[in-house]
Structure formats: C-alpha cells, structure tokens
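query-v4.txt follows; it contains compact mmCIF, C-alpha atoms and all ligand atoms.
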```txt
# COMPACT_ATOMS: atom_id res chain seq x y z
CA MET A 1 5.21 -1.82 -22.24
CA LYS A 2 2.94 -3.00 -25.08
CA THR A 3 -0.81 -2.83 -24.47
CA SER A 4 -1.57 -5.64 -22.04
CA THR A 5 -4.46 -7.03 -20.02
CA PHE A 6 -4.16 -6.99 -16.25
CA LEU A 7 -6.18 -8.32 -13.34
CA VAL A 8 -6.22 -5.92 -10.39
CA ILE A 9 -7.50 -7.49 -7.19
CA GLY A 10 -8.56 -4.82 -4.74
CA GLY A 11 -8.49 -2.22 -7.51
CA ALA A 12 -11.31 -0.17 -5.95
CA GLY A 13 -9.27 0.57 -2.83
CA TYR A 14 -6.96 3.48 -2.09
CA ILE A 15 -3.73 2.27 -3.67
CA GLY A 16 -5.28 -0.14 -6.18
CA SER A 17 -7.47 2.57 -7.69
CA HIS A 18 -4.42 4.76 -8.33
CA LEU A 19 -2.75 1.85 -10.12
CA VAL A 20 -5.89 1.29 -12.23
CA LYS A 21 -5.82 4.98 -13.17
CA ALA A 22 -2.16 4.71 -14.24
CA LEU A 23 -2.76 1.52 -16.23
CA ILE A 24 -5.71 3.10 -18.04
CA GLU A 25 -3.62 6.20 -18.81
CA GLN A 26 -1.10 3.85 -20.45
CA GLU A 27 -3.95 2.29 -22.44
CA HIS A 28 -3.82 -1.15 -20.85
CA ARG A 29 -6.94 -3.26 -20.48
CA VAL A 30 -7.92 -3.69 -16.83
CA LEU A 31 -10.26 -6.03 -15.01
CA VAL A 32 -10.80 -5.12 -11.36
CA VAL A 33 -12.03 -7.69 -8.86
CA ASP A 34 -13.10 -6.09 -5.59
CA ASN A 35 -15.82 -7.06 -3.13
CA LEU A 36 -16.21 -3.37 -2.20
CA SER A 37 -15.88 -4.17 1.50
CA ALA A 38 -13.46 -1.25 1.69
CA GLY A 39 -13.17 -0.09 -1.91
CA LYS A 40 -15.57 2.16 -3.81
CA ALA A 41 -16.90 1.49 -7.29
CA SER A 42 -16.58 5.23 -8.00
CA ALA A 43 -12.80 4.99 -7.42
CA VAL A 44 -12.39 2.71 -10.43
CA LEU A 45 -11.74 5.28 -13.16
CA GLY A 46 -11.63 2.81 -16.04
CA GLY A 47 -11.66 -0.81 -17.11
CA GLU A 48 -14.23 -3.30 -15.92
CA LEU A 49 -15.21 -3.94 -12.30
CA LEU A 50 -16.36 -7.34 -11.08
CA VAL A 51 -17.78 -7.14 -7.56
CA HIS A 52 -16.74 -10.44 -6.01
CA ASP A 53 -14.58 -11.99 -3.29
CA PHE A 54 -11.27 -12.92 -4.87
CA ASP A 55 -10.69 -16.00 -2.69
CA ASP A 56 -13.48 -18.03 -4.25
CA ARG A 57 -11.74 -20.84 -6.12
CA ALA A 58 -14.67 -21.58 -8.47
CA PHE A 59 -14.84 -17.89 -9.36
CA LEU A 60 -11.09 -17.73 -10.03
CA ASP A 61 -11.23 -20.90 -12.14
CA SER A 62 -13.93 -19.44 -14.33
CA LEU A 63 -12.16 -16.05 -14.50
CA PHE A 64 -8.87 -17.64 -15.60
CA LYS A 65 -10.64 -19.89 -18.12
CA THR A 66 -12.43 -16.97 -19.77
CA HIS A 67 -9.70 -14.29 -19.62
CA GLN A 68 -6.10 -14.14 -20.71
CA PHE A 69 -4.11 -11.94 -18.31
CA ASP A 70 -0.58 -10.70 -18.84
CA GLY A 71 -0.19 -10.20 -15.11
CA VAL A 72 -1.96 -9.83 -11.78
CA PHE A 73 -1.73 -7.08 -9.16
CA HIS A 74 -2.98 -8.03 -5.72
CA PHE A 75 -3.93 -5.23 -3.30
CA ALA A 76 -6.91 -6.62 -1.42
CA SER A 77 -6.17 -6.86 2.29
CA GLN A 78 -7.08 -5.86 5.82
CA ILE A 79 -4.72 -3.11 7.00
CA VAL A 80 -5.46 -1.93 10.55
CA VAL A 81 -2.64 -2.99 12.83
CA SER A 82 -4.60 -2.56 16.11
CA GLU A 83 -7.50 -4.61 14.75
CA SER A 84 -5.08 -7.35 13.70
CA VAL A 85 -3.96 -7.71 17.32
CA LYS A 86 -7.55 -8.07 18.54
CA ASP A 87 -8.75 -10.26 15.70
CA PRO A 88 -5.77 -12.07 14.14
CA GLY A 89 -8.02 -14.72 12.58
CA LYS A 90 -9.53 -12.08 10.31
CA TYR A 91 -6.04 -11.06 9.12
CA TYR A 92 -4.67 -14.54 8.54
CA ARG A 93 -7.88 -15.45 6.70
CA ALA A 94 -8.18 -12.32 4.54
CA ASN A 95 -4.50 -11.62 3.93
CA THR A 96 -2.76 -14.98 4.08
CA ALA A 97 -5.24 -17.81 3.43
CA ALA A 98 -7.11 -15.90 0.72
CA THR A 99 -3.85 -15.20 -1.08
CA LEU A 100 -2.96 -18.89 -0.97
CA THR A 101 -6.20 -19.60 -2.84
CA LEU A 102 -5.20 -17.02 -5.44
CA LEU A 103 -1.67 -18.40 -5.79
CA GLU A 104 -2.94 -21.94 -6.27
CA ALA A 105 -5.45 -20.85 -8.89
CA MET A 106 -2.77 -18.83 -10.71
CA ARG A 107 -0.45 -21.84 -10.60
CA ASP A 108 -3.09 -24.25 -11.89
CA HIS A 109 -4.08 -21.95 -14.76
CA ASP A 110 -0.52 -20.85 -15.49
CA VAL A 111 -1.32 -17.19 -14.84
CA GLY A 112 1.38 -14.68 -13.90
CA PRO A 113 3.41 -12.75 -13.02
CA LEU A 114 2.17 -11.27 -9.74
CA VAL A 115 2.90 -7.94 -8.07
CA PHE A 116 1.91 -8.13 -4.42
CA SER A 117 1.25 -5.33 -1.90
CA SER A 118 3.49 -5.94 1.07
CA THR A 119 4.43 -3.56 3.83
CA ALA A 120 7.28 -2.12 5.87
CA ALA A 121 5.47 -3.74 8.81
CA VAL A 122 7.28 -6.99 7.88
CA TYR A 123 10.46 -5.48 9.40
CA GLY A 124 9.04 -4.84 12.88
CA GLU A 125 11.08 -2.64 15.22
CA PRO A 126 13.97 -1.36 13.05
CA GLN A 127 17.50 -2.36 13.98
CA TYR A 128 18.84 0.40 11.73
CA THR A 129 17.50 3.07 9.38
CA PRO A 130 17.15 3.64 6.52
CA ILE A 131 15.82 0.11 6.25
CA ASP A 132 16.98 -1.89 3.24
CA GLU A 133 15.56 -5.20 2.06
CA ASN A 134 18.29 -7.16 3.88
CA HIS A 135 17.04 -5.89 7.22
CA PRO A 136 15.72 -8.83 9.29
CA THR A 137 11.97 -9.39 9.08
CA ASN A 138 10.63 -9.51 12.63
CA ALA A 139 7.03 -8.37 12.17
CA VAL A 140 5.62 -7.47 15.58
CA ASN A 141 1.90 -7.78 14.93
CA PRO A 142 -0.48 -10.15 13.10
CA TYR A 143 -0.95 -7.63 10.25
CA GLY A 144 2.78 -7.62 9.49
CA ARG A 145 3.05 -11.37 9.98
CA SER A 146 0.06 -12.03 7.70
CA LYS A 147 1.93 -10.18 4.92
CA LEU A 148 5.29 -11.74 5.74
CA MET A 149 3.72 -15.20 5.45
CA VAL A 150 2.50 -14.29 1.98
CA GLU A 151 6.03 -13.22 1.04
CA GLN A 152 7.26 -16.62 2.23
CA MET A 153 4.57 -18.43 0.22
CA LEU A 154 5.51 -16.37 -2.83
CA GLN A 155 9.13 -17.37 -2.49
CA ASP A 156 8.25 -21.05 -2.08
CA PHE A 157 5.85 -20.96 -5.04
CA ALA A 158 8.50 -19.25 -7.17
CA ASN A 159 11.01 -21.96 -6.25
CA ALA A 160 8.68 -24.88 -6.73
CA TYR A 161 6.42 -23.77 -9.58
CA GLN A 162 8.43 -20.94 -11.21
CA GLN A 163 5.67 -18.45 -10.43
CA GLN A 164 7.27 -15.03 -10.82
CA TYR A 165 6.46 -12.32 -8.29
CA VAL A 166 7.51 -9.00 -6.87
CA ALA A 167 6.44 -8.01 -3.36
CA LEU A 168 6.53 -4.25 -2.83
CA ARG A 169 7.08 -3.26 0.78
CA TYR A 170 5.27 0.05 1.09
CA PHE A 171 6.22 2.58 3.69
CA ASN A 172 3.50 5.19 4.46
CA ALA A 173 1.19 5.58 1.47
CA ALA A 174 -0.18 9.12 1.31
CA GLY A 175 -1.53 11.82 -1.01
CA ALA A 176 -4.12 11.56 -3.74
CA ASP A 177 -4.64 11.90 -7.46
CA PRO A 178 -3.23 15.37 -8.39
CA GLN A 179 -6.56 16.09 -10.10
CA ALA A 180 -8.43 15.06 -6.91
CA ARG A 181 -10.58 12.47 -8.68
CA ILE A 182 -9.62 9.73 -6.23
CA GLY A 183 -7.88 9.60 -2.86
CA GLU A 184 -7.81 8.07 0.58
CA GLN A 185 -11.17 7.13 2.15
CA HIS A 186 -10.74 4.43 4.74
CA ASN A 187 -13.53 3.63 7.14
CA PRO A 188 -12.60 3.88 9.90
CA GLU A 189 -9.71 6.20 9.04
CA THR A 190 -6.61 5.55 11.13
CA HIS A 191 -3.89 7.31 9.11
CA LEU A 192 -2.20 10.49 10.18
CA ILE A 193 -2.55 12.76 7.13
CA PRO A 194 -6.28 12.26 6.43
CA LEU A 195 -7.07 12.47 10.16
CA ALA A 196 -5.09 15.72 10.48
CA LEU A 197 -6.90 17.22 7.47
CA GLN A 198 -10.30 15.99 8.66
CA ALA A 199 -9.62 17.52 12.07
CA ILE A 200 -9.28 20.83 10.22
CA THR A 201 -12.52 20.44 8.26
CA GLY A 202 -14.35 19.31 11.39
CA LYS A 203 -15.19 15.93 9.91
CA CYS A 204 -13.14 14.35 12.71
CA PRO A 205 -12.40 15.35 16.29
CA PRO A 206 -9.05 16.99 17.05
CA LEU A 207 -6.11 14.83 16.05
CA GLN A 208 -4.75 12.69 18.85
CA LEU A 209 -0.96 12.89 18.71
CA PHE A 210 0.24 9.51 19.92
CA GLY A 211 3.41 9.99 21.96
CA GLN A 212 5.87 12.86 22.31
CA ASP A 213 8.57 10.95 24.16
CA TYR A 214 10.16 8.95 21.34
CA ASP A 215 13.89 9.00 20.77
CA THR A 216 13.63 11.40 17.83
CA PRO A 217 14.63 15.09 17.54
CA ASP A 218 11.14 16.41 18.42
CA GLY A 219 9.95 13.36 20.37
CA THR A 220 7.31 12.31 17.80
CA CYS A 221 7.47 9.32 15.44
CA ILE A 222 9.22 9.60 12.09
CA ARG A 223 7.71 8.06 8.96
CA ASP A 224 8.52 7.93 5.26
CA TYR A 225 5.45 9.22 3.38
CA ILE A 226 5.23 8.05 -0.20
CA HIS A 227 2.81 9.49 -2.76
CA VAL A 228 0.21 7.00 -3.89
CA ASP A 229 0.91 7.80 -7.56
CA ASP A 230 4.59 7.00 -6.96
CA LEU A 231 3.49 3.67 -5.48
CA ALA A 232 1.40 3.09 -8.60
CA SER A 233 4.34 3.76 -10.90
CA ALA A 234 6.46 1.30 -8.90
CA HIS A 235 3.85 -1.40 -9.56
CA ILE A 236 3.92 -0.83 -13.30
CA LEU A 237 7.72 -0.92 -13.37
CA ALA A 238 7.73 -4.09 -11.25
CA MET A 239 5.28 -5.78 -13.63
CA ASN A 240 7.29 -4.67 -16.63
CA TYR A 241 10.45 -6.01 -15.00
CA LEU A 242 8.83 -9.42 -14.41
CA ILE A 243 7.36 -9.58 -17.91
CA ASN A 244 10.86 -8.93 -19.24
CA GLY A 245 12.19 -11.90 -17.25
CA GLY A 246 13.35 -10.13 -14.08
CA ASP A 247 14.03 -12.26 -11.01
CA SER A 248 11.37 -12.51 -8.34
CA GLY A 249 12.01 -10.60 -5.13
CA VAL A 250 11.09 -7.87 -2.67
CA PHE A 251 11.52 -4.12 -3.04
CA ASN A 252 11.04 -1.28 -0.56
CA ILE A 253 9.02 1.64 -1.83
CA GLY A 254 9.55 4.88 0.08
CA ASN A 255 11.20 8.26 -0.40
CA GLY A 256 14.10 7.67 1.97
CA GLN A 257 13.17 10.84 3.79
CA GLY A 258 11.55 10.80 7.22
CA TYR A 259 9.14 13.36 8.68
CA SER A 260 8.00 13.52 12.27
CA VAL A 261 4.34 13.62 13.26
CA ASN A 262 4.90 17.24 14.35
CA GLU A 263 6.34 18.10 10.94
CA VAL A 264 3.34 16.52 9.23
CA ILE A 265 0.98 18.53 11.46
CA GLN A 266 2.86 21.76 10.71
CA THR A 267 2.88 21.07 6.98
CA ALA A 268 -0.83 20.18 6.97
CA SER A 269 -1.60 23.42 8.85
CA LYS A 270 0.39 25.43 6.30
CA VAL A 271 -1.22 23.73 3.30
CA ALA A 272 -4.76 24.14 4.68
CA GLU A 273 -3.97 27.63 6.03
CA LYS A 274 -5.54 26.56 9.30
CA GLN A 275 -4.02 24.99 12.39
CA VAL A 276 -4.66 21.27 12.86
CA PRO A 277 -6.47 20.95 16.22
CA VAL A 278 -4.39 18.54 18.30
CA THR A 279 -4.79 16.71 21.61
CA TYR A 280 -1.91 14.85 23.20
CA ALA A 281 -2.27 11.14 23.83
CA PRO A 282 0.04 8.37 25.04
CA ARG A 283 2.02 6.24 22.60
CA ARG A 284 -0.02 3.95 20.38
CA ALA A 285 0.94 0.31 20.89
CA GLY A 286 3.29 -1.10 18.27
CA ASP A 287 4.49 2.20 16.73
CA PRO A 288 8.26 2.10 16.03
CA ALA A 289 9.99 5.45 16.57
CA ARG A 290 11.39 5.68 13.07
CA LEU A 291 10.54 3.95 9.78
CA VAL A 292 12.48 5.22 6.79
CA ALA A 293 13.09 3.29 3.57
CA ASP A 294 16.25 2.61 1.68
CA ALA A 295 14.60 2.21 -1.73
CA ASN A 296 17.79 2.07 -3.77
CA ARG A 297 17.08 -1.45 -4.98
CA ALA A 298 13.82 -0.29 -6.61
CA LYS A 299 15.64 2.68 -8.14
CA GLN A 300 18.51 0.62 -9.49
CA VAL A 301 16.73 -2.56 -10.55
CA LEU A 302 13.28 -1.25 -11.55
CA GLY A 303 14.38 2.23 -12.64
CA TRP A 304 11.84 3.72 -10.23
CA GLN A 305 11.99 7.42 -9.32
CA PRO A 306 9.44 9.13 -7.08
CA LYS A 307 7.83 12.10 -8.79
CA TYR A 308 6.13 13.63 -5.74
CA ALA A 309 8.70 13.20 -2.99
CA ASP A 310 7.97 16.57 -1.41
CA LEU A 311 5.78 16.29 1.72
CA THR A 312 4.06 19.63 1.00
CA LEU A 313 3.01 18.39 -2.43
CA ILE A 314 1.79 15.08 -0.99
CA ILE A 315 -0.33 16.95 1.56
CA GLN A 316 -1.54 19.49 -1.03
CA HIS A 317 -2.94 16.62 -3.09
CA ALA A 318 -4.50 15.00 -0.01
CA TRP A 319 -6.03 18.37 0.95
CA ALA A 320 -7.50 19.01 -2.52
CA TRP A 321 -9.07 15.54 -2.37
CA GLU A 322 -10.38 16.12 1.16
CA LYS A 323 -11.98 19.43 0.13
CA SER A 324 -13.53 17.86 -2.97
CA ARG A 325 -15.47 15.51 -0.68
CA HIS A 326 -17.27 18.32 1.18
N1 LIG B 1 -0.54 9.07 14.43
C1 LIG B 1 -0.99 9.93 15.41
N2 LIG B 1 -2.33 10.14 15.50
C2 LIG B 1 -3.23 9.52 14.69
C3 LIG B 1 -2.77 8.65 13.69
C4 LIG B 1 -1.40 8.44 13.59
O1 LIG B 1 -0.20 10.50 16.17
O2 LIG B 1 -4.44 9.74 14.86
C5 LIG B 1 0.90 8.83 14.32
C6 LIG B 1 1.25 7.38 14.58
O3 LIG B 1 1.45 7.17 15.95
C7 LIG B 1 2.50 7.21 13.73
C8 LIG B 1 2.29 8.18 12.56
O4 LIG B 1 1.29 9.08 13.00
O5 LIG B 1 3.60 7.62 14.45
C9 LIG B 1 1.81 7.50 11.29
O6 LIG B 1 0.69 6.69 11.61
P1 LIG B 1 -0.24 6.03 10.49
O7 LIG B 1 -1.33 5.31 11.22
O8 LIG B 1 -0.63 7.06 9.49
O9 LIG B 1 0.73 5.02 9.75
P2 LIG B 1 1.59 3.82 10.38
O10 LIG B 1 3.03 4.25 10.25
O11 LIG B 1 1.13 3.39 11.69
O12 LIG B 1 1.18 2.65 9.40
C10 LIG B 1 1.63 2.49 8.12
C11 LIG B 1 0.61 1.68 7.34
C12 LIG B 1 0.43 0.33 7.95
C13 LIG B 1 1.77 -0.33 8.09
C14 LIG B 1 2.75 0.57 8.82
C15 LIG B 1 4.13 0.00 8.87
O13 LIG B 1 -0.61 2.33 7.33
O14 LIG B 1 -0.37 -0.44 7.11
O15 LIG B 1 2.83 1.82 8.16
O16 LIG B 1 4.54 -0.20 7.59
F1 LIG B 1 1.65 -1.44 8.83
```
Whole structure given in structure tokens:
Amino acid sequence: MKTSTFLVIGGAGYIGSHLVKALIEQEHRVLVVDNLSAGKASAVLGGELLVHDFDDRAFLDSLFKTHQFDGVFHFASQIVVSESVKDPGKYYRANTAATLTLLEAMRDHDVGPLVFSSTAAVYGEPQYTPIDENHPTNAVNPYGRSKLMVEQMLQDFANAYQQQYVALRYFNAAGADPQARIGEQHNPETHLIPLALQAITGKCPPLQLFGQDYDTPDGTCIRDYIHVDDLASAHILAMNYLINGGDSGVFNIGNGQGYSVNEVIQTASKVAEKQVPVTYAPRRAGDPARLVADANRAKQVLGWQPKYADLTLIIQHAWAWEKSRH
C-alpha cells in the first residue's frame, strides 16, 4: 500500500494500539482519536493522538474538514459481556449510537472506507464449529447485539450511500507486542490469559476457573486465541482490500484452532515456569462451550495468514509484557 493517512478511533486501546504500531512500521501517517477512558496515551507508539470522544458530531465535522483520510479504523467500544447485561444502555450508547454518529459524519464528508471491530459474540451459542461467516447471528447478550446492530447499519449504509466497510469478527484477542512495548491492560481485567499470568505474579488472586462440566474433552471451555499482531495485520489487509475496490462484508479472524481453559492454564504455567494458582468456580453466565473460527474467507479474499498461531508463543509474548510491567 502507498503511504496513506489513517484515522484510528480507539487507537490507544489494546488492539487499536497494535494496529497503530503496524501502520507506523509501514510508514503510514496516523491520527488517533481516543478519550483514554480505557486506552493509554503511552500505548500509542507513533502518529498523533487527539484525546477526545469520537461521537461528538461538531468535533468530527471539524476533523473531517481539516484532514484528508484515506480510511478509518474504528476500535473504540465497551467490551465486558457481564457489564452489558447489567447496563445495556451503556453498550447501545457507546457501541451502537456513537458509531451511528461516526457513520453519518463519514457519509456527509465523503470519508471512507471503514474497518470496524466486530466480534464472534455476534454468533451467540454456536450451532456448529468451526464457525464461518454464514453461521446465523443470534447474539445472546447486549454486547454482541450492540456490535451486530452496527454490522447491520454498516450494511444499510453501504447499500444506500455506497460507504465501503469491512467488519472483522474477532475471536479471542491475546498476546502482546513481541518486543513487549505494548500489550493488554484492561481495567478491570476479565480475560483468561492476563488473569492467569497475573495470578502467577500475585497481582491478582488465584484464577477462578469458570466451569468444568462443559461438553468438551476436558470439561472446560474451548476458545480460539488470536495474536493481537495477527489481528492488526488483518486490519491492514482489509483496508487495502477496500481501497482497491473490494466488496464490503464481514470476515472472521481467528486461528481455527481451539484450546481449552485447562490447556491455557497448563501452557501459561509452562511459559512462566510457575503453576497458575487456580480455584474452581461455577460456569460464568453466557459462556458458550466452544468458539472456534473458520477464517478461510479472510485467508482467501484478504490474503491473511496468522504469523503467531502457536498458543505458547502467544502466551510467551503476553508473559514478557506482564513481566515488563512489574
Ligand atoms: N475464564 C475463566 N476464568 C476467568 C476468565 C475467563 O475460566 O477468570 C474462561 C471463560 O469462562 C472462557 C475462557 O476463559 O471460557 C475465555 O474467557 P475470556 O473472558 O478471556 O474471553 P471470552 O471468550 O469470554 O470473550 C471473548 C471477548 C469478548 C467476546 C467473546 C466472544 O473478550 O469480547 O470472546 O467473542 F464477546
């Protein structure tokens, strides 16, 4: 791709900051808009950072009048499934309504294309695995529905206003920059790999293992962990595809390989050379037994190939990042 100028909304967050790093490495110009409610200024390794809410129409109007963007990446969202059940208004406001403001501003200023962060949560309880993009979308919680509604808006905007988009349905984002400059730092942290590693360092209490009675070989849930740098590369390929006239659509991004919670705990213990302290807890509400991606569409259409598909490598990078923070 020739040197381009991109807007990255939510570029100070976990996944967005890894995309910013990759764009900078490819010598693109980057403007990050992030209100730092979850992101960190220190995670933005290059480009310019504007600390602002992205769903402020006057702000977007002035941004699009003063800057010429070749494309927009939109990461900013609320992501905690359990919180979305308790406070759905927050999720529909931050994830759905705010994105509508962005889409309208992009339409009115003729800005595009857009690569949007969607999620495997749009599928709900899987009817079959691996899950391909034709699997029905029956999101089972407000978080998943808030993202699914955006996908529907994107499709309608593409039909009506020819606004090009790709929605990437992430499976379980994991790992960190191989040089440990940036990585996962949610607050509160709810994800398995950082919680397992922080249980080892003592930063967190022993890991609660949610459910051992699932219909899986070892009774614990199976997930498809995808390295955050591989997610970043998928975004760049998706943008390139759209810039070259590719059709709008949705793509799964995952390795196609599932690991159980027990396997993750064992691998984390091996990588850290210390056993993850574990307590056993009942099932967490809303956890499907098995979520594994069929990402062949992304491979065939975008030319995407994961570079860090190995779980040990993913956890090694997460561990190096975790240690660098102590
Ligand atoms: N788990 C535990 N203990 C913990 C945390 C997680 O046992 O303390 C288990 C969960 O029950 C699950 C697995 O580890 O079986 C992975 O859980 P995560 O919270 O790390 O990830 P999820 O699969 O729940 O969520 C991810 C994304 C969500 C997205 C969802 C479906 O983080 O944003 O995938 O796509 F909605």
query = Using only C-alpha atoms and all ligand atoms, what are the residues with an atom within 7 Å of ligand LIG 1 (chain B), set out as a PyMOL selection string?
reply = chain A and resi 79-81+119-121+143-144+170-173+190-193+195+207-211+220-223+261+283-284+287
Nearest to Lys86 in chain A by atom-to-atom distance, counting all atoms listed in the file, from A:Asn141, A:Asn296, A:Pro205, A:Tyr280 = A:Asn141
Counting all atoms listed in the file, which residues in range 186-302 of chain A sit no more than 10 Å from range 322-326 of chain A? For each one, give the nearest pair of atoms and the distance in Å, sorted by chain then residue number, as a tab-separated table.
```
residue	atom	partner	partner_atom	distance
A:Pro194	CA	A:Glu322	CA	7.7
A:Leu197	CA	A:Glu322	CA	7.3
A:Gln198	CA	A:Glu322	CA	7.5
A:Thr201	CA	A:Lys323	CA	8.2
A:Lys203	CA	A:His326	CA	9.3
A:Ala272	CA	A:Lys323	CA	9.7
```
Contact table range 124-237 of chain A vs range 69-72 of chain A, cut-off 12 Å, shortest pair per residue, all atoms listed in the file, as a Markdown table:
```
| residue | atom | partner | partner_atom | distance |
| --- | --- | --- | --- | --- |
| A:Gln163 | CA | A:Gly71 | CA | 11.1 |
| A:Gln164 | CA | A:Gly71 | CA | 9.9 |
| A:Tyr165 | CA | A:Val72 | CA | 9.4 |
| A:Val166 | CA | A:Val72 | CA | 10.7 |
| A:His235 | CA | A:Val72 | CA | 10.5 |
| A:Ile236 | CA | A:Gly71 | CA | 10.4 |
```
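Interatomic distance, CA of Gly175 in chain A against CA of Val228 in chain A: 5.9 Å.
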ask   = Of the candidates A:Gly16, A:Pro126, A:Gly303, A:Gly10, which shows the shortest atom-to-atom distance to Asn35 in chain A, using only C-alpha atoms?
value =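 Residue with the minimum atom-to-atom distance to Asn35 in chain A: A:Gly10.
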task = Kindly indicate which residue among A:Phe54, A:Phe73, A:Tyr92, A:Tyr128 lies nearest to Ala105 in chain A, using all atoms listed in the file for the distances.
result =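 Among A:Phe54, A:Phe73, A:Tyr92, A:Tyr128, it is A:Phe54 that comes nearest to Ala105 in chain A.
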query = Quick one, how far is CA of Pro188 in chain A from CA of Ala167 in chain A?
reply =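 Distance between the two atoms: 26.1 Å.
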request  = Fewer than 2 positions away in the same chain doesn't count, so skip those; otherwise give me all residues within 8 Å of Glu48 in chain A, counting all atoms listed in the file, as a PyMOL selection string.
outcome  = chain A and resi 30-32+46+50
inquiry  = Measuring between all atoms listed in the file, which one of A:Gly286, A:Gly183, A:Gly89, A:Pro178 shows the shortest distance to Lys40 in chain A?
reply    = A:Gly183
